[in-house]
>>> print(open('coords25.cif').read())   # mmCIF, C-alpha atoms
data_data
#
loop_
_atom_site.label_atom_id
_atom_site.label_comp_id
_atom_site.auth_asym_id
_atom_site.auth_seq_id
_atom_site.Cartn_x
_atom_site.Cartn_y
_atom_site.Cartn_z
CA THR A 1 -176.09 -136.33 275.19
CA HIS A 2 -179.17 -137.03 273.10
CA PHE A 3 -181.36 -140.00 272.30
CA GLY A 4 -183.21 -138.64 269.30
CA PHE A 5 -184.70 -135.34 270.46
CA GLU A 6 -184.47 -136.31 274.16
CA SER A 7 -181.65 -135.19 276.45
CA VAL A 8 -180.42 -138.25 278.34
CA SER A 9 -177.41 -139.42 280.33
CA VAL A 10 -174.55 -141.24 278.61
CA GLU A 11 -175.45 -144.50 280.34
CA GLU A 12 -179.11 -144.21 279.34
CA LYS A 13 -178.28 -143.51 275.71
CA GLU A 14 -176.02 -146.56 275.43
CA GLY A 15 -178.70 -148.80 276.86
CA ARG A 16 -181.51 -147.40 274.74
CA VAL A 17 -179.51 -147.48 271.50
CA LYS A 18 -178.60 -151.09 272.25
CA GLN A 19 -182.30 -151.90 272.68
CA VAL A 20 -183.18 -150.22 269.38
CA PHE A 21 -180.74 -152.37 267.43
CA GLU A 22 -181.71 -155.52 269.26
CA ASN A 23 -185.27 -154.76 268.16
CA VAL A 24 -184.40 -154.19 264.51
CA ALA A 25 -181.54 -156.69 264.07
CA ASP A 26 -183.56 -159.30 262.20
CA ASN A 27 -185.07 -156.66 259.92
CA TYR A 28 -182.10 -154.34 259.58
CA ASP A 29 -182.08 -154.23 255.78
CA THR A 30 -185.82 -153.57 255.80
CA MET A 31 -185.20 -150.75 258.26
CA ASN A 32 -182.61 -149.20 255.96
CA ASP A 33 -185.02 -149.55 253.04
CA PHE A 34 -187.56 -147.53 255.04
CA MET A 35 -185.01 -144.93 256.10
CA SER A 36 -183.71 -144.37 252.57
CA ALA A 37 -186.56 -145.49 250.29
CA GLY A 38 -184.22 -148.27 249.16
CA LEU A 39 -181.39 -145.93 248.19
CA HIS A 40 -179.03 -147.25 250.89
CA ARG A 41 -178.06 -150.09 248.57
CA LEU A 42 -176.87 -147.64 245.90
CA TRP A 43 -175.07 -145.50 248.49
CA LYS A 44 -173.21 -148.54 249.82
CA ASP A 45 -172.27 -149.55 246.28
CA GLU A 46 -170.86 -146.05 245.76
CA LEU A 47 -168.95 -146.32 249.04
CA LEU A 48 -167.42 -149.57 247.80
CA ASP A 49 -166.32 -147.89 244.56
CA MET A 50 -164.80 -144.99 246.50
CA THR A 51 -162.73 -147.33 248.70
CA GLY A 52 -161.06 -148.99 245.72
CA VAL A 53 -161.11 -152.34 247.52
CA GLY A 54 -161.56 -154.32 244.29
CA PRO A 55 -158.46 -152.97 242.49
CA MET A 56 -156.42 -153.02 245.72
CA ALA A 57 -157.28 -156.67 246.32
CA LYS A 58 -156.16 -157.61 242.81
CA ALA A 59 -152.83 -155.86 243.31
CA VAL A 60 -152.37 -157.52 246.69
CA ARG A 61 -153.08 -160.97 245.29
CA ARG A 62 -150.60 -160.52 242.42
CA ARG A 63 -147.92 -159.52 244.88
CA ALA A 64 -148.77 -162.33 247.27
CA SER A 65 -148.80 -164.95 244.51
CA THR A 66 -145.27 -163.99 243.47
CA SER A 67 -144.01 -163.93 247.05
CA TYR A 68 -145.62 -167.28 247.86
CA ALA A 69 -144.05 -168.97 244.87
CA SER A 70 -140.65 -167.71 245.99
CA ASP A 71 -141.22 -168.81 249.58
CA VAL A 72 -142.29 -172.31 248.55
CA ALA A 73 -139.23 -172.68 246.36
CA ALA A 74 -136.93 -171.57 249.19
CA SER A 75 -138.57 -173.26 252.18
CA THR A 76 -140.23 -176.44 253.34
CA ASP A 77 -141.85 -174.75 256.35
CA ASP A 78 -145.39 -176.07 256.83
CA GLY A 79 -146.46 -172.60 257.94
CA ALA A 80 -145.58 -170.98 254.60
CA GLY A 81 -148.47 -168.98 253.27
CA ASP A 82 -150.04 -168.39 256.68
CA GLU A 83 -148.74 -164.85 257.11
CA ALA A 84 -150.80 -161.93 258.31
CA PRO A 85 -153.09 -160.34 255.69
CA ILE A 86 -151.60 -157.67 253.44
CA LEU A 87 -154.85 -155.69 253.13
CA SER A 88 -156.83 -155.37 256.37
CA ILE A 89 -160.27 -153.77 256.38
CA LEU A 90 -162.37 -152.90 259.43
CA ASP A 91 -166.09 -152.19 259.11
CA VAL A 92 -167.41 -150.74 262.37
CA ALA A 93 -171.09 -150.85 263.36
CA GLY A 94 -171.60 -153.19 260.43
CA GLY A 95 -173.05 -156.13 262.35
CA THR A 96 -175.32 -157.57 259.67
CA GLY A 97 -172.51 -157.57 257.10
CA ASP A 98 -174.16 -155.48 254.40
CA VAL A 99 -171.03 -153.41 253.69
CA ALA A 100 -168.56 -156.16 254.54
CA PHE A 101 -170.14 -158.54 252.03
CA ARG A 102 -169.54 -155.95 249.33
CA PHE A 103 -165.85 -155.91 250.26
CA VAL A 104 -165.66 -159.71 250.31
CA ASP A 105 -167.29 -159.95 246.89
CA ALA A 106 -165.23 -157.16 245.33
CA ALA A 107 -162.02 -158.73 246.62
CA GLY A 108 -162.93 -162.18 245.29
CA CYS A 109 -162.58 -163.76 248.72
CA GLN A 110 -165.02 -166.61 248.04
CA GLU A 111 -163.02 -167.84 245.07
CA ARG A 112 -159.78 -167.29 246.98
CA ALA A 113 -161.10 -169.46 249.84
CA LYS A 114 -160.77 -172.51 247.59
CA SER A 115 -157.02 -172.28 248.17
CA SER A 116 -155.54 -173.87 251.27
CA ARG A 117 -153.73 -170.74 252.41
CA ARG A 118 -154.93 -167.83 254.49
CA ASP A 119 -156.38 -165.00 252.43
CA GLU A 120 -154.20 -161.95 251.85
CA VAL A 121 -157.30 -159.80 252.34
CA SER A 122 -159.04 -159.62 255.71
CA VAL A 123 -162.44 -158.02 256.39
CA THR A 124 -163.38 -157.61 260.05
CA VAL A 125 -166.88 -156.60 261.12
CA CYS A 126 -167.01 -155.00 264.57
CA ASP A 127 -170.28 -154.17 266.29
CA ILE A 128 -171.28 -153.44 269.87
CA ASN A 129 -174.52 -155.38 269.55
CA PRO A 130 -174.33 -159.21 269.71
CA GLU A 131 -177.75 -159.55 268.08
CA MET A 132 -176.56 -157.66 265.02
CA LEU A 133 -173.44 -159.84 264.89
CA ARG A 134 -175.56 -162.97 265.20
CA VAL A 135 -177.59 -161.94 262.18
CA GLY A 136 -174.47 -161.02 260.23
CA GLU A 137 -172.61 -164.24 260.90
CA SER A 138 -175.68 -166.30 260.05
CA ARG A 139 -176.07 -164.42 256.78
CA ALA A 140 -172.37 -164.86 256.00
CA ARG A 141 -172.46 -168.63 256.46
CA ALA A 142 -175.61 -168.89 254.36
CA ARG A 143 -174.03 -166.74 251.64
CA TYR A 144 -170.48 -168.11 251.53
CA GLY A 145 -170.42 -171.41 253.39
CA PRO A 146 -167.57 -172.13 255.84
CA GLY A 147 -164.66 -171.34 253.51
CA VAL A 148 -164.47 -167.56 253.78
CA MET A 149 -164.75 -167.52 257.58
CA ASP A 150 -163.19 -170.76 258.79
CA ASP A 151 -160.64 -171.71 256.14
CA SER A 152 -159.20 -168.59 254.53
CA ARG A 153 -160.23 -166.37 257.48
CA ALA A 154 -161.11 -163.55 255.09
CA LEU A 155 -164.20 -162.52 257.08
CA ASN A 156 -164.44 -162.15 260.85
CA PHE A 157 -167.09 -160.88 263.26
CA VAL A 158 -165.94 -159.25 266.51
CA GLU A 159 -167.95 -157.66 269.32
CA GLY A 160 -166.60 -154.28 270.34
CA ASN A 161 -167.35 -150.64 271.12
CA ALA A 162 -166.40 -148.03 268.50
CA GLN A 163 -165.14 -145.81 271.33
CA SER A 164 -162.58 -148.39 272.52
CA LEU A 165 -162.04 -150.96 269.80
CA PRO A 166 -160.57 -154.34 270.81
CA PHE A 167 -157.65 -154.11 268.36
CA GLU A 168 -154.00 -153.17 268.58
CA ASP A 169 -152.67 -149.84 267.34
CA GLY A 170 -152.02 -149.68 263.61
CA SER A 171 -153.93 -152.84 262.69
CA PHE A 172 -155.92 -151.78 259.62
CA ASP A 173 -155.48 -150.16 256.22
CA LEU A 174 -159.11 -149.09 255.82
CA TYR A 175 -161.78 -148.23 258.39
CA THR A 176 -165.39 -147.84 257.29
CA ILE A 177 -168.52 -147.06 259.26
CA ALA A 178 -171.89 -146.85 257.51
CA PHE A 179 -174.95 -145.39 259.23
CA GLY A 180 -173.40 -146.04 262.63
CA LEU A 181 -171.45 -143.00 263.76
CA ARG A 182 -174.50 -140.96 264.79
CA ASN A 183 -175.50 -143.77 267.20
CA VAL A 184 -172.15 -143.70 269.03
CA THR A 185 -172.39 -142.02 272.42
CA ASP A 186 -169.07 -140.15 272.14
CA VAL A 187 -168.39 -139.47 268.45
CA ASP A 188 -165.07 -137.71 269.05
CA MET A 189 -163.78 -140.61 271.13
CA ALA A 190 -164.75 -143.01 268.32
CA LEU A 191 -162.93 -140.86 265.76
CA ARG A 192 -159.77 -140.85 267.88
CA ASP A 193 -159.92 -144.61 268.22
CA ALA A 194 -160.38 -144.95 264.47
CA LEU A 195 -157.13 -143.05 264.07
CA ARG A 196 -155.44 -145.34 266.61
CA VAL A 197 -156.32 -148.65 264.94
CA LEU A 198 -155.40 -147.49 261.43
CA LYS A 199 -151.89 -147.86 260.06
CA PRO A 200 -149.89 -144.78 259.02
CA GLY A 201 -151.37 -143.77 255.69
CA GLY A 202 -154.59 -145.65 256.50
CA ARG A 203 -157.94 -144.33 255.34
CA PHE A 204 -161.09 -143.52 257.32
CA MET A 205 -164.45 -143.46 255.50
CA CYS A 206 -167.84 -142.71 257.03
CA LEU A 207 -171.15 -143.05 255.19
CA GLU A 208 -173.86 -141.37 257.22
CA PHE A 209 -177.22 -139.66 256.94
CA SER A 210 -176.55 -135.94 256.83
CA HIS A 211 -178.25 -132.62 256.12
CA VAL A 212 -180.08 -131.95 252.86
CA THR A 213 -178.66 -128.99 250.97
CA ASN A 214 -181.66 -128.35 248.70
CA ALA A 215 -184.62 -126.63 250.41
CA PRO A 216 -187.47 -128.20 248.39
CA LEU A 217 -185.90 -131.66 248.75
CA ALA A 218 -185.46 -131.04 252.48
CA GLN A 219 -189.18 -130.37 252.87
CA ILE A 220 -190.11 -133.57 251.04
CA TYR A 221 -187.53 -135.58 252.98
CA ASP A 222 -188.72 -134.25 256.35
CA ALA A 223 -192.33 -135.02 255.50
CA TYR A 224 -191.40 -138.57 254.53
CA SER A 225 -189.14 -139.08 257.54
CA PHE A 226 -191.49 -137.89 260.26
CA ASN A 227 -194.85 -138.88 258.80
CA VAL A 228 -194.13 -142.09 256.91
CA ILE A 229 -191.12 -143.91 258.39
CA PRO A 230 -192.45 -144.32 261.98
CA LYS A 231 -195.81 -145.53 260.63
CA LEU A 232 -194.07 -148.05 258.39
CA GLY A 233 -192.08 -149.26 261.39
CA GLU A 234 -195.29 -149.72 263.33
CA VAL A 235 -197.06 -151.60 260.54
CA VAL A 236 -194.21 -153.77 259.27
CA ALA A 237 -192.12 -154.32 262.41
CA ASN A 238 -194.60 -153.43 265.16
CA ASP A 239 -191.98 -151.01 266.44
CA ARG A 240 -192.79 -147.34 265.94
CA GLU A 241 -190.47 -146.10 268.70
CA SER A 242 -187.26 -147.51 267.24
CA TYR A 243 -187.96 -145.96 263.86
CA GLN A 244 -188.94 -142.65 265.45
CA TYR A 245 -185.58 -142.58 267.25
CA LEU A 246 -183.67 -143.31 264.05
CA VAL A 247 -185.37 -140.42 262.26
CA GLU A 248 -184.72 -138.04 265.14
CA SER A 249 -181.08 -139.16 265.46
CA ILE A 250 -180.44 -138.00 261.90
CA ARG A 251 -181.74 -134.50 262.62
CA LYS A 252 -179.65 -134.19 265.78
CA PHE A 253 -176.42 -135.30 264.10
CA CYS A 254 -173.88 -132.70 263.03
CA THR A 255 -173.72 -131.08 259.61
CA GLN A 256 -171.26 -132.08 256.91
CA ASP A 257 -168.85 -129.25 257.76
CA GLU A 258 -169.12 -129.87 261.49
CA LEU A 259 -168.28 -133.56 261.08
CA ALA A 260 -165.35 -132.74 258.78
CA SER A 261 -163.99 -130.42 261.48
CA ARG A 262 -164.34 -133.11 264.15
CA ILE A 263 -162.51 -135.64 261.95
CA GLU A 264 -159.67 -133.15 261.51
CA SER A 265 -159.59 -132.51 265.26
CA ALA A 266 -159.19 -136.25 265.83
CA GLY A 267 -155.92 -136.08 263.88
CA PHE A 268 -156.82 -137.04 260.31
CA GLU A 269 -155.41 -135.25 257.27
CA GLY A 270 -156.85 -134.58 253.82
CA VAL A 271 -160.39 -134.57 255.21
CA LYS A 272 -163.20 -134.05 252.72
CA TYR A 273 -166.78 -135.10 252.16
CA THR A 274 -168.96 -136.05 249.21
CA ASN A 275 -172.70 -135.44 249.30
CA MET A 276 -175.04 -137.98 247.76
CA THR A 277 -178.69 -137.47 246.80
CA GLY A 278 -178.64 -133.79 247.67
CA GLY A 279 -176.99 -134.30 251.05
CA ILE A 280 -179.41 -136.91 252.39
CA VAL A 281 -176.21 -138.82 253.02
CA ALA A 282 -172.53 -137.91 252.83
CA VAL A 283 -169.27 -139.82 252.74
CA HIS A 284 -166.56 -138.27 254.90
CA GLU A 285 -162.98 -139.43 254.55
CA GLY A 286 -159.58 -138.71 256.00
CA TRP A 287 -156.08 -140.18 256.12
CA VAL A 288 -153.77 -141.08 258.97
CA PRO A 289 -150.59 -138.97 258.80
CA ILE A 290 -147.39 -140.74 257.81
CA THR A 291 -144.80 -139.75 260.38
#
>>> encode(input="coords25.cif", output="structure tokens")
Amino acid sequence: THFGFESVSVEEKEGRVKQVFENVADNYDTMNDFMSAGLHRLWKDELLDMTGVGPMAKAVRRRASTSYASDVAASTDDGAGDEAPILSILDVAGGTGDVAFRFVDAAGCQERAKSSRRDEVSVTVCDINPEMLRVGESRARARYGPGVMDDSRALNFVEGNAQSLPFEDGSFDLYTIAFGLRNVTDVDMALRDALRVLKPGGRFMCLEFSHVTNAPLAQIYDAYSFNVIPKLGEVVANDRESYQYLVESIRKFCTQDELASRIESAGFEGVKYTNMTGGIVAVHEGWVPIT
């Protein structure tokens, strides 16, 4: 396998990738600003729109409100309203919460946390790196207070490897991974496990740096990536090597069509991709077959 442009063993890659993200955890958003010239925020907003989480959450809450009223009228069980979530979202390699917070906000989970019942919407962040999770949970508590995590349980942080996720089969309706798949040691294994943890009819969505389709833009992007980003990492974060790896990892990752083929091979249906900003990034998506 590869660590940037280097050929390394599987064990070495896992250890070195872990070290990179431990190094950048406290400045992860700054890192993404460097990598994308700030555009990652717009790309993540577009990913949110493509998922439809906001409208889905509204529909789920209307249904749940009607069901809860019926249950209360028919039962005196103290556990009423503590059922499993109706809409379950998993964001993999999302340790600092940047994508998950968009889901929480779009679904209105902070307002919903004022109720005494468990939220009908659940957003789980899973990351292999405990430092990234530490930063994410700290940011979540500063942003939302204890309600969203401790009371309504709408937001959770779980340590786990994308290649062997610590969840039961068919647990989630939506699986997202943003700027994380290229750092996984065995991409195909991660795709198969994504299929496993999704429910029948569940949706997989991957936002990832990809391959620029416009030649003049590609030249500008390469010049920026190799000449500017590592230097910025050195000046701002005193860490040129981590940023050099991240640039190289993009160039070594598969093309849009190659990734679409690998997603299909993992067992997903209806696979397609959408380029953004001339192919600097792409969103790939696929659906779990309903059998």
>>> residues_around(input="coords25.cif", residues="Gly95 in chain A", least_positions_apart="6", cutoff="10 Å", atoms="only C-alpha atoms", output="list of chain:residue names")
A:Phe21, A:Ala25, A:Tyr28, A:Val125, A:Cys126, A:Asp127, A:Ile128, A:Asn129, A:Pro130, A:Glu131, A:Met132, A:Leu133, A:Arg134, A:Val135, A:Gly136, A:Glu137, A:Phe157, A:Val158, A:Glu159
>>> write_last_selection(input="coords25.cif", atoms="C-alpha atoms", output="PDB file, in the coordinates of the input")
ATOM      1  CA  PHE A  21    -180.740-152.370 267.430  1.00  0.00           C
ATOM      2  CA  ALA A  25    -181.540-156.690 264.070  1.00  0.00           C
ATOM      3  CA  TYR A  28    -182.100-154.340 259.580  1.00  0.00           C
ATOM      4  CA  VAL A 125    -166.880-156.600 261.120  1.00  0.00           C
ATOM      5  CA  CYS A 126    -167.010-155.000 264.570  1.00  0.00           C
ATOM      6  CA  ASP A 127    -170.280-154.170 266.290  1.00  0.00           C
ATOM      7  CA  ILE A 128    -171.280-153.440 269.870  1.00  0.00           C
ATOM      8  CA  ASN A 129    -174.520-155.380 269.550  1.00  0.00           C
ATOM      9  CA  PRO A 130    -174.330-159.210 269.710  1.00  0.00           C
ATOM     10  CA  GLU A 131    -177.750-159.550 268.080  1.00  0.00           C
ATOM     11  CA  MET A 132    -176.560-157.660 265.020  1.00  0.00           C
ATOM     12  CA  LEU A 133    -173.440-159.840 264.890  1.00  0.00           C
ATOM     13  CA  ARG A 134    -175.560-162.970 265.200  1.00  0.00           C
ATOM     14  CA  VAL A 135    -177.590-161.940 262.180  1.00  0.00           C
ATOM     15  CA  GLY A 136    -174.470-161.020 260.230  1.00  0.00           C
ATOM     16  CA  GLU A 137    -172.610-164.240 260.900  1.00  0.00           C
ATOM     17  CA  PHE A 157    -167.090-160.880 263.260  1.00  0.00           C
ATOM     18  CA  VAL A 158    -165.940-159.250 266.510  1.00  0.00           C
ATOM     19  CA  GLU A 159    -167.950-157.660 269.320  1.00  0.00           C
TER      20      GLU A 159
END
>>> residues_around(input="coords25.cif", residues="Gly202 in chain A", least_positions_apart="2", cutoff="9 Å", atoms="all atoms listed in the file", output="list of chain:residue names")
A:Gly170, A:Phe172, A:Asp173, A:Leu174, A:Tyr175, A:Leu195, A:Leu198, A:Lys199, A:Pro200, A:Phe204, A:Gly286, A:Trp287, A:Val288, A:Pro289, A:Ile290
>>> atom_distance(input="coords25.cif", atom1="CA of Thr185 in chain A", atom2="CA of Lys13 in chain A")
6.9 Å
>>> resolve_selection(input="coords25.cif", expression="the PyMOL selection byres ((chain A and resi 225) around 12)", output="PyMOL selection string")
chain A and resi 34-37+209+217-224+226-233+243-251+280
>>> resolve_selection(input="coords25.cif", expression="the PyMOL selection byres ((chain A and resi 58) around 12)", output="PDB file with C-alpha atoms, in the frame of the given file")
ATOM      1  CA  GLY A  52    -161.060-148.990 245.720  1.00  0.00           C
ATOM      2  CA  VAL A  53    -161.110-152.340 247.520  1.00  0.00           C
ATOM      3  CA  GLY A  54    -161.560-154.320 244.290  1.00  0.00           C
ATOM      4  CA  PRO A  55    -158.460-152.970 242.490  1.00  0.00           C
ATOM      5  CA  MET A  56    -156.420-153.020 245.720  1.00  0.00           C
ATOM      6  CA  ALA A  57    -157.280-156.670 246.320  1.00  0.00           C
ATOM      7  CA  ALA A  59    -152.830-155.860 243.310  1.00  0.00           C
ATOM      8  CA  VAL A  60    -152.370-157.520 246.690  1.00  0.00           C
ATOM      9  CA  ARG A  61    -153.080-160.970 245.290  1.00  0.00           C
ATOM     10  CA  ARG A  62    -150.600-160.520 242.420  1.00  0.00           C
ATOM     11  CA  ARG A  63    -147.920-159.520 244.880  1.00  0.00           C
ATOM     12  CA  ALA A  64    -148.770-162.330 247.270  1.00  0.00           C
ATOM     13  CA  SER A  65    -148.800-164.950 244.510  1.00  0.00           C
ATOM     14  CA  ILE A  86    -151.600-157.670 253.440  1.00  0.00           C
ATOM     15  CA  LEU A  87    -154.850-155.690 253.130  1.00  0.00           C
ATOM     16  CA  ALA A 106    -165.230-157.160 245.330  1.00  0.00           C
ATOM     17  CA  ALA A 107    -162.020-158.730 246.620  1.00  0.00           C
ATOM     18  CA  GLY A 108    -162.930-162.180 245.290  1.00  0.00           C
ATOM     19  CA  CYS A 109    -162.580-163.760 248.720  1.00  0.00           C
ATOM     20  CA  ARG A 112    -159.780-167.290 246.980  1.00  0.00           C
ATOM     21  CA  GLU A 120    -154.200-161.950 251.850  1.00  0.00           C
ATOM     22  CA  VAL A 121    -157.300-159.800 252.340  1.00  0.00           C
TER      23      VAL A 121
END
>>> closest_residue(input="coords25.cif", among="A:Gln256, A:Asn32, A:Ala266, A:Ser122", to="Thr96 in chain A", atoms="all atoms listed in the file")
A:Asn32
>>> atom_distance(input="coords25.cif", atom1="CA of Ala282 in chain A", atom2="CA of Thr30 in chain A")
20.8 Å
>>> closest_residue(input="coords25.cif", among="A:Gly38, A:Pro146, A:Gly201, A:Gly160", to="Glu269 in chain A", atoms="only C-alpha atoms")
A:Gly201
